[in-house]
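**Student:** Pasting in a structure now, in structure tokens, and then I'll have a few things to ask.
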Amino acid sequence: MLSVRHIVKQYASQRALDDVSIEIEKGKVFGLLGPNGAGKTSLIRIINQITAPDSGEILFNGEKLNQVHVERIGYLPEERGLYKKMEIGEQIIYLAQLKGLTRDEARRRTKYWFEKLGIQGWWNKKIEELSKGMQQKAQFVATVLHEPELLILDEPFTGFDPVNAEIIKNEILELNKKGATVIFSTHRMESVEELCDSIALLNLSHKILDGKVKDIRNTYRNGTYILEYEGDRLSDNGSAPFTVLSEASLDGGRQMKLKINTGCKVNDVLQYLLPLVVINRVEEIIPTMNEIFIQTVSNPN
Amino acid sequence: MTFLVPVLFIGMIALTGYLVAKQNELGDKKTVEVVDESNMFLNKMKNRDNIEYHYINDNYATAKANFSKSGYSYLLYIPSSLTGVQLLSEKKASAITLQNIENGLSEIAQAQRLLSAGIDTAVLAKAQKPISIEARQITEAGEKDAQTYIAYGIGFISALLIYMSLFIYGSQVMRGVIEEKVSRVVEVIISSVKPFQLMLGKIIGIGLVGLTQFVLWIVLSIVLSTGAGTMLANSNVESKSAQVTQMQNATTPRAAVTAGGQSPENSMAAIMRSLDSIPIAYTIGCFLFYFLFGYLLYSAIFAAVGSAVDNETETQQFMLPITLPLVFTFILSMNFVINNPDSPLSIWLSMIPFTSPIAMMIRIPFGVPGWQLAASMLLMITGFLFTTWVAGRIYRVGILMYGKKASYKELAKWFMYKE
């Protein structure tokens, strides 16, 4: 649906994006990850046609990105961008009109969304009178009001308490189920694993990782397991089909992290342990996106 | 707010005028001890302007010694030769008081000298009657009242208004741009519209507000001044304005003597009547044109400056080159152009788009050849298009730049940024 091809963006002193190419499938949730200064915001601005790339192009549903697509994209910037002294109701309607809705249609939908998110009582209040969470809810409404095909959300969960974050998350998933493609830009890796189908990881203006979340995690699997059991401490006699990485006591039992030796399988491990201990829990430890993120960013290989 | 300002303005002027006029009743009384060795002024100085004269027989030295205990505000010493007249006081004498005493003494001395020379003062007064000129203009329609002073007044006021409004509305634009940049609203809006559209929209919006306010003020002023005109013509204004003019003319003793001759009711009616000699609709039309396009030209520059900074304090460095031409033109206009409306310098100033709103408005009441007006207006429009284009290019980069130290080199770089 969105095809980013060889984008280069150079600011006076530094290169923000260096030959970045990303493919985003329609109807999926895509995570744009990276440390601060990686180039995420620059890329997002280019997709939103706020700035233009020095070279490269972006295709929206196969067409070169142009003014027409503005109405089909919804953008929630990282920092609140609302006129402080304007009433929210009016302001959301105005922003929706900029995106191509008629005034009446905008009013109708704004009312609907405000009730859905529980802020309808604040229609006539000025932005500066609202709490940060409410402002973000209002701005979220402005982003989704015109039912865009592509939603671009830059750190949408910052500032939300867990309850409100959950509400927003569900709204995003609902919109995605209805067919909207979602691009997330975030640091919060837990939300990435939970929500994203695919990701791209940027660092220092380069793309260093991309693909489906499942696939990526699979590549980082290294046969590490966690085992909780009751019984005597296993002796290290070298005949086990695994290497013990760590051991600890746990509430009357023991916990062990182990790495399966090459060539062996889980079944071999279980067969080895069954006569020795009472097994309570066996689980593979797949590196979290957080760990993968840190690992990839720290070792540029 | 729109209605409040003219009311406050007029109220302030009226209040000041009233207080100044009533100065004698409101001010403190000044008592003067007079040591008169010439014996020319004994009991002759009139007690007015809040000054009371007391004549004593002591000599100067004694009077000086006793002065601080005497309780008088001033000690006036007049030697017999009339040179070396001294005024002694513990606090500095006000200029007006000094003038009043000087005038009083001069009046009496003059009359005395004339009498000793054998000249009758009545004869003298008749001989001193000034000649006033009625300026008339030759036009195609025949002769009409020229009323040069009115032209002065209108030119002055329009130039002042344009000068002030360029700053007021221009800085509103600048502040709006900064607010949008700081609150990050600009990012949201720019994802929907082009930066140039945002800049123009802001400029036009504030411009319309300014225009509306001006039109309202003009209407309000016309209503108020016609009302005030009829009121003033009926009430007793003579004493007040005579005192006012006397104080203003206190610098020249001779003028003070002849000040009483003006008749105020006539001058107010004369003002009203003479406005016919100035084509009001034409002047207002030109005023609105130059206000509008001067504003458009300068507000584009203000918008560009606003986009370059992160807060209002950083704008200081840019304000100087913007304000300089305006201040320069304003001062020149008030002193030079208004007296020499057709000189080459005045013509040039009224042509250059950056200075013409002010300079041309000064010239208009004196009459400007049609082709000059047309050329100036054309240049004005071209100028505004040019600055808007340049400002637009700076604006579209500046509004998304945070933390960059704004300098002219930076602005030039932004201007060159390829779209």
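Lettering and numbering for the structure tokens are positional, with chains as A, B, ... in the shown order, residues counted from 1 in each chain, and ligands counted from 1 in the shown order.
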Tell me the residues of chain A close to chain B, meaning within 8 Å using only C-alpha atoms, as number ranges by chain.
**Tutor:** A: 48-50, 52, 70-71, 75-77, 79-84, 95, 98-99
**Student:** In stretch 155-205 of chain A, what's strand (DSSP E or B) per DSSP? Answer as a list in words?
**Tutor:**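 Answer for stretch 155-205 of chain A restricted to strand (DSSP E or B) is Thr181, Val182, Ile183, Phe184, Ser185, Thr186, Ser198, Ile199, Ala200, Leu201, Leu202 and Asn203 of chain A.
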**Student:** Atom CA of A:Gly211 to atom CA of A:Cys196: how many Å, to one decimal?
**Tutor:**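 Distance reported for this atom pair: 10.7 Å.
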**Student:** Could you name the residues that touch A:Pro156 at 10 Å or less, counting only C-alpha atoms, but leaving out those on the same chain fewer than 2 positions away, as a list in words?
**Tutor:**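 The filter keeps Leu76, Pro77, Glu78, Glu79, Gln136, Lys137, Phe140, Ile152, Leu153, Asp154, Thr158, Gly159, Phe160, Ala165, Ile168, Lys169, Phe184, Ser185 and Thr186 of chain A.
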**Student:** Just to be explicit: take each residue in the selection above, keep N, CA and C atoms, and write the result as a PDB file, in the first residue's frame.
**Tutor:**
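The result, stored in result.pdb:
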ATOM      1  N   LEU A  76      -1.039  11.678  13.561  1.00  0.00           N
ATOM      2  CA  LEU A  76      -1.024  12.084  14.962  1.00  0.00           C
ATOM      3  C   LEU A  76       0.424  12.346  15.351  1.00  0.00           C
ATOM      4  N   PRO A  77       0.824  13.613  15.456  1.00  0.00           N
ATOM      5  CA  PRO A  77       2.220  13.897  15.757  1.00  0.00           C
ATOM      6  C   PRO A  77       2.558  13.572  17.208  1.00  0.00           C
ATOM      7  N   GLU A  78       3.834  13.500  17.488  1.00  0.00           N
ATOM      8  CA  GLU A  78       4.262  13.114  18.824  1.00  0.00           C
ATOM      9  C   GLU A  78       3.887  14.181  19.838  1.00  0.00           C
ATOM     10  N   GLU A  79       4.095  15.459  19.449  1.00  0.00           N
ATOM     11  CA  GLU A  79       3.749  16.505  20.400  1.00  0.00           C
ATOM     12  C   GLU A  79       2.416  17.127  20.037  1.00  0.00           C
ATOM     13  N   GLN A 136      -4.860  14.705  24.178  1.00  0.00           N
ATOM     14  CA  GLN A 136      -4.436  13.664  23.240  1.00  0.00           C
ATOM     15  C   GLN A 136      -5.613  12.918  22.672  1.00  0.00           C
ATOM     16  N   LYS A 137      -6.620  12.678  23.511  1.00  0.00           N
ATOM     17  CA  LYS A 137      -7.811  12.016  22.992  1.00  0.00           C
ATOM     18  C   LYS A 137      -8.421  12.871  21.898  1.00  0.00           C
ATOM     19  N   PHE A 140      -6.463  12.647  18.865  1.00  0.00           N
ATOM     20  CA  PHE A 140      -6.661  11.347  18.238  1.00  0.00           C
ATOM     21  C   PHE A 140      -7.917  11.376  17.376  1.00  0.00           C
ATOM     22  N   ILE A 152      -1.003   7.337  10.567  1.00  0.00           N
ATOM     23  CA  ILE A 152       0.377   7.426  11.006  1.00  0.00           C
ATOM     24  C   ILE A 152       0.393   7.993  12.412  1.00  0.00           C
ATOM     25  N   LEU A 153       0.876   7.187  13.355  1.00  0.00           N
ATOM     26  CA  LEU A 153       0.817   7.597  14.758  1.00  0.00           C
ATOM     27  C   LEU A 153       2.221   7.653  15.328  1.00  0.00           C
ATOM     28  N   ASP A 154       2.614   8.837  15.756  1.00  0.00           N
ATOM     29  CA  ASP A 154       3.954   9.018  16.305  1.00  0.00           C
ATOM     30  C   ASP A 154       3.870   9.003  17.825  1.00  0.00           C
ATOM     31  N   THR A 158       2.295   7.838  24.683  1.00  0.00           N
ATOM     32  CA  THR A 158       2.957   8.614  25.733  1.00  0.00           C
ATOM     33  C   THR A 158       1.958   9.509  26.418  1.00  0.00           C
ATOM     34  N   GLY A 159       2.021   9.561  27.710  1.00  0.00           N
ATOM     35  CA  GLY A 159       1.164  10.453  28.464  1.00  0.00           C
ATOM     36  C   GLY A 159      -0.161   9.854  28.849  1.00  0.00           C
ATOM     37  N   PHE A 160      -0.459   8.690  28.334  1.00  0.00           N
ATOM     38  CA  PHE A 160      -1.724   8.062  28.716  1.00  0.00           C
ATOM     39  C   PHE A 160      -1.520   7.159  29.912  1.00  0.00           C
ATOM     40  N   ALA A 165      -4.642   4.320  27.774  1.00  0.00           N
ATOM     41  CA  ALA A 165      -3.800   3.709  26.739  1.00  0.00           C
ATOM     42  C   ALA A 165      -4.500   2.501  26.163  1.00  0.00           C
ATOM     43  N   ILE A 168      -7.299   3.624  23.777  1.00  0.00           N
ATOM     44  CA  ILE A 168      -6.777   4.054  22.482  1.00  0.00           C
ATOM     45  C   ILE A 168      -6.293   2.857  21.677  1.00  0.00           C
ATOM     46  N   LYS A 169      -5.650   1.938  22.356  1.00  0.00           N
ATOM     47  CA  LYS A 169      -5.144   0.760  21.649  1.00  0.00           C
ATOM     48  C   LYS A 169      -6.288   0.017  20.990  1.00  0.00           C
ATOM     49  N   PHE A 184       3.006   2.789  13.137  1.00  0.00           N
ATOM     50  CA  PHE A 184       3.330   3.229  14.490  1.00  0.00           C
ATOM     51  C   PHE A 184       4.743   3.693  14.534  1.00  0.00           C
ATOM     52  N   SER A 185       5.015   4.781  15.209  1.00  0.00           N
ATOM     53  CA  SER A 185       6.411   5.048  15.480  1.00  0.00           C
ATOM     54  C   SER A 185       6.559   5.064  16.980  1.00  0.00           C
ATOM     55  N   THR A 186       7.421   4.217  17.518  1.00  0.00           N
ATOM     56  CA  THR A 186       7.429   4.146  18.964  1.00  0.00           C
ATOM     57  C   THR A 186       8.745   3.617  19.515  1.00  0.00           C
TER      58      THR A 186
END
**Student:** Quick check for you: according to DSSP on this backbone, which residues of stretch 149-252 of chain A are classed as helix (DSSP H, G or I)? Reply as an MDAnalysis selection string.
**Tutor:** chainID A and resid 162:177 189:195 213:219
**Student:** Restricting the output to N, CA and C atoms, write the selected residues as a PDB file, in the first residue's frame.
**Tutor:**
ATOM      1  N   PRO A 162      -2.628   3.772  32.054  1.00  0.00           N
ATOM      2  CA  PRO A 162      -2.898   2.444  31.481  1.00  0.00           C
ATOM      3  C   PRO A 162      -4.327   2.282  30.976  1.00  0.00           C
ATOM      4  N   VAL A 163      -5.287   2.861  31.691  1.00  0.00           N
ATOM      5  CA  VAL A 163      -6.675   2.693  31.252  1.00  0.00           C
ATOM      6  C   VAL A 163      -6.897   3.356  29.907  1.00  0.00           C
ATOM      7  N   ASN A 164      -6.485   4.630  29.806  1.00  0.00           N
ATOM      8  CA  ASN A 164      -6.685   5.355  28.549  1.00  0.00           C
ATOM      9  C   ASN A 164      -5.846   4.787  27.422  1.00  0.00           C
ATOM     10  N   ALA A 165      -4.642   4.320  27.774  1.00  0.00           N
ATOM     11  CA  ALA A 165      -3.800   3.709  26.739  1.00  0.00           C
ATOM     12  C   ALA A 165      -4.500   2.501  26.163  1.00  0.00           C
ATOM     13  N   GLU A 166      -5.171   1.755  27.026  1.00  0.00           N
ATOM     14  CA  GLU A 166      -5.890   0.562  26.572  1.00  0.00           C
ATOM     15  C   GLU A 166      -7.035   0.960  25.643  1.00  0.00           C
ATOM     16  N   ILE A 167      -7.747   2.022  26.035  1.00  0.00           N
ATOM     17  CA  ILE A 167      -8.864   2.482  25.198  1.00  0.00           C
ATOM     18  C   ILE A 167      -8.374   2.843  23.810  1.00  0.00           C
ATOM     19  N   ILE A 168      -7.299   3.624  23.777  1.00  0.00           N
ATOM     20  CA  ILE A 168      -6.777   4.054  22.482  1.00  0.00           C
ATOM     21  C   ILE A 168      -6.293   2.857  21.677  1.00  0.00           C
ATOM     22  N   LYS A 169      -5.650   1.938  22.356  1.00  0.00           N
ATOM     23  CA  LYS A 169      -5.144   0.760  21.649  1.00  0.00           C
ATOM     24  C   LYS A 169      -6.288   0.017  20.990  1.00  0.00           C
ATOM     25  N   ASN A 170      -7.386  -0.136  21.731  1.00  0.00           N
ATOM     26  CA  ASN A 170      -8.527  -0.859  21.170  1.00  0.00           C
ATOM     27  C   ASN A 170      -9.139  -0.130  19.987  1.00  0.00           C
ATOM     28  N   GLU A 171      -9.182   1.201  20.088  1.00  0.00           N
ATOM     29  CA  GLU A 171      -9.704   1.966  18.953  1.00  0.00           C
ATOM     30  C   GLU A 171      -8.837   1.756  17.720  1.00  0.00           C
ATOM     31  N   ILE A 172      -7.516   1.735  17.937  1.00  0.00           N
ATOM     32  CA  ILE A 172      -6.606   1.548  16.804  1.00  0.00           C
ATOM     33  C   ILE A 172      -6.821   0.176  16.188  1.00  0.00           C
ATOM     34  N   LEU A 173      -6.947  -0.835  17.046  1.00  0.00           N
ATOM     35  CA  LEU A 173      -7.146  -2.194  16.512  1.00  0.00           C
ATOM     36  C   LEU A 173      -8.460  -2.297  15.765  1.00  0.00           C
ATOM     37  N   GLU A 174      -9.481  -1.620  16.315  1.00  0.00           N
ATOM     38  CA  GLU A 174     -10.785  -1.660  15.652  1.00  0.00           C
ATOM     39  C   GLU A 174     -10.698  -1.046  14.262  1.00  0.00           C
ATOM     40  N   LEU A 175     -10.018   0.112  14.188  1.00  0.00           N
ATOM     41  CA  LEU A 175      -9.859   0.760  12.890  1.00  0.00           C
ATOM     42  C   LEU A 175      -9.067  -0.133  11.941  1.00  0.00           C
ATOM     43  N   ASN A 176      -8.099  -0.839  12.492  1.00  0.00           N
ATOM     44  CA  ASN A 176      -7.297  -1.704  11.647  1.00  0.00           C
ATOM     45  C   ASN A 176      -8.137  -2.851  11.113  1.00  0.00           C
ATOM     46  N   LYS A 177      -9.023  -3.364  12.001  1.00  0.00           N
ATOM     47  CA  LYS A 177      -9.883  -4.460  11.549  1.00  0.00           C
ATOM     48  C   LYS A 177     -10.793  -3.991  10.431  1.00  0.00           C
ATOM     49  N   MET A 189       8.509  -1.125  23.193  1.00  0.00           N
ATOM     50  CA  MET A 189       8.594  -2.410  22.507  1.00  0.00           C
ATOM     51  C   MET A 189       7.483  -3.364  22.881  1.00  0.00           C
ATOM     52  N   GLU A 190       6.922  -3.214  24.078  1.00  0.00           N
ATOM     53  CA  GLU A 190       5.835  -4.134  24.466  1.00  0.00           C
ATOM     54  C   GLU A 190       4.677  -3.931  23.514  1.00  0.00           C
ATOM     55  N   SER A 191       4.388  -2.666  23.215  1.00  0.00           N
ATOM     56  CA  SER A 191       3.260  -2.416  22.310  1.00  0.00           C
ATOM     57  C   SER A 191       3.580  -2.925  20.911  1.00  0.00           C
ATOM     58  N   VAL A 192       4.857  -2.919  20.569  1.00  0.00           N
ATOM     59  CA  VAL A 192       5.232  -3.410  19.244  1.00  0.00           C
ATOM     60  C   VAL A 192       4.910  -4.876  19.121  1.00  0.00           C
ATOM     61  N   GLU A 193       5.344  -5.643  20.108  1.00  0.00           N
ATOM     62  CA  GLU A 193       5.093  -7.086  20.011  1.00  0.00           C
ATOM     63  C   GLU A 193       3.613  -7.382  20.000  1.00  0.00           C
ATOM     64  N   GLU A 194       2.887  -6.570  20.761  1.00  0.00           N
ATOM     65  CA  GLU A 194       1.465  -6.829  20.907  1.00  0.00           C
ATOM     66  C   GLU A 194       0.689  -6.474  19.633  1.00  0.00           C
ATOM     67  N   LEU A 195       1.068  -5.377  19.005  1.00  0.00           N
ATOM     68  CA  LEU A 195       0.221  -4.824  17.961  1.00  0.00           C
ATOM     69  C   LEU A 195       0.746  -5.010  16.545  1.00  0.00           C
ATOM     70  N   VAL A 213       7.275  -9.432  12.447  1.00  0.00           N
ATOM     71  CA  VAL A 213       7.736  -9.565  13.828  1.00  0.00           C
ATOM     72  C   VAL A 213       8.061 -11.013  14.147  1.00  0.00           C
ATOM     73  N   LYS A 214       7.165 -11.897  13.721  1.00  0.00           N
ATOM     74  CA  LYS A 214       7.378 -13.327  13.992  1.00  0.00           C
ATOM     75  C   LYS A 214       8.705 -13.789  13.421  1.00  0.00           C
ATOM     76  N   ASP A 215       8.934 -13.434  12.158  1.00  0.00           N
ATOM     77  CA  ASP A 215      10.146 -13.887  11.484  1.00  0.00           C
ATOM     78  C   ASP A 215      11.384 -13.370  12.175  1.00  0.00           C
ATOM     79  N   ILE A 216      11.336 -12.146  12.561  1.00  0.00           N
ATOM     80  CA  ILE A 216      12.512 -11.548  13.191  1.00  0.00           C
ATOM     81  C   ILE A 216      12.823 -12.235  14.500  1.00  0.00           C
ATOM     82  N   ARG A 217      11.765 -12.440  15.239  1.00  0.00           N
ATOM     83  CA  ARG A 217      12.036 -13.084  16.523  1.00  0.00           C
ATOM     84  C   ARG A 217      12.580 -14.488  16.308  1.00  0.00           C
ATOM     85  N   ASN A 218      12.046 -15.139  15.274  1.00  0.00           N
ATOM     86  CA  ASN A 218      12.546 -16.484  14.986  1.00  0.00           C
ATOM     87  C   ASN A 218      14.020 -16.494  14.688  1.00  0.00           C
ATOM     88  N   THR A 219      14.506 -15.508  13.938  1.00  0.00           N
ATOM     89  CA  THR A 219      15.931 -15.497  13.600  1.00  0.00           C
ATOM     90  C   THR A 219      16.788 -15.333  14.836  1.00  0.00           C
TER      91      THR A 219
END
**Student:** Which is closer to B:Tyr55 than all the others in B:Phe366, B:Ser307, B:Glu37, B:Glu134, using only C-alpha atoms?
**Tutor:**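 The answer is B:Glu37, which sits nearest to B:Tyr55.
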**Student:** For atom CA of B:Leu292 and atom CA of B:Pro341, quote the distance in Å rounded to one decimal.
**Tutor:** 22.6 Å
**Student:** Would you pick out the contacts of B:Thr329 at 8 Å or less, using only C-alpha atoms, so that residues sharing its chain but fewer than 2 positions from it are not included, and give the list as a ChimeraX atom specification?
**Tutor:** /B:325-327,331-333,349,355,358-359
**Student:** Closest to B:Gln213 among B:Ser81, B:Tyr169, B:Gln316, B:Thr226, using only C-alpha atoms?
**Tutor:** B:Tyr169
**Student:** Between A:Gly238, A:Gly263, A:Pro35, A:Gly231, which has the minimum distance to A:Pro275 (counting only C-alpha atoms)?
**Tutor:**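 Among the listed residues, the smallest separation from A:Pro275 belongs to A:Gly231.
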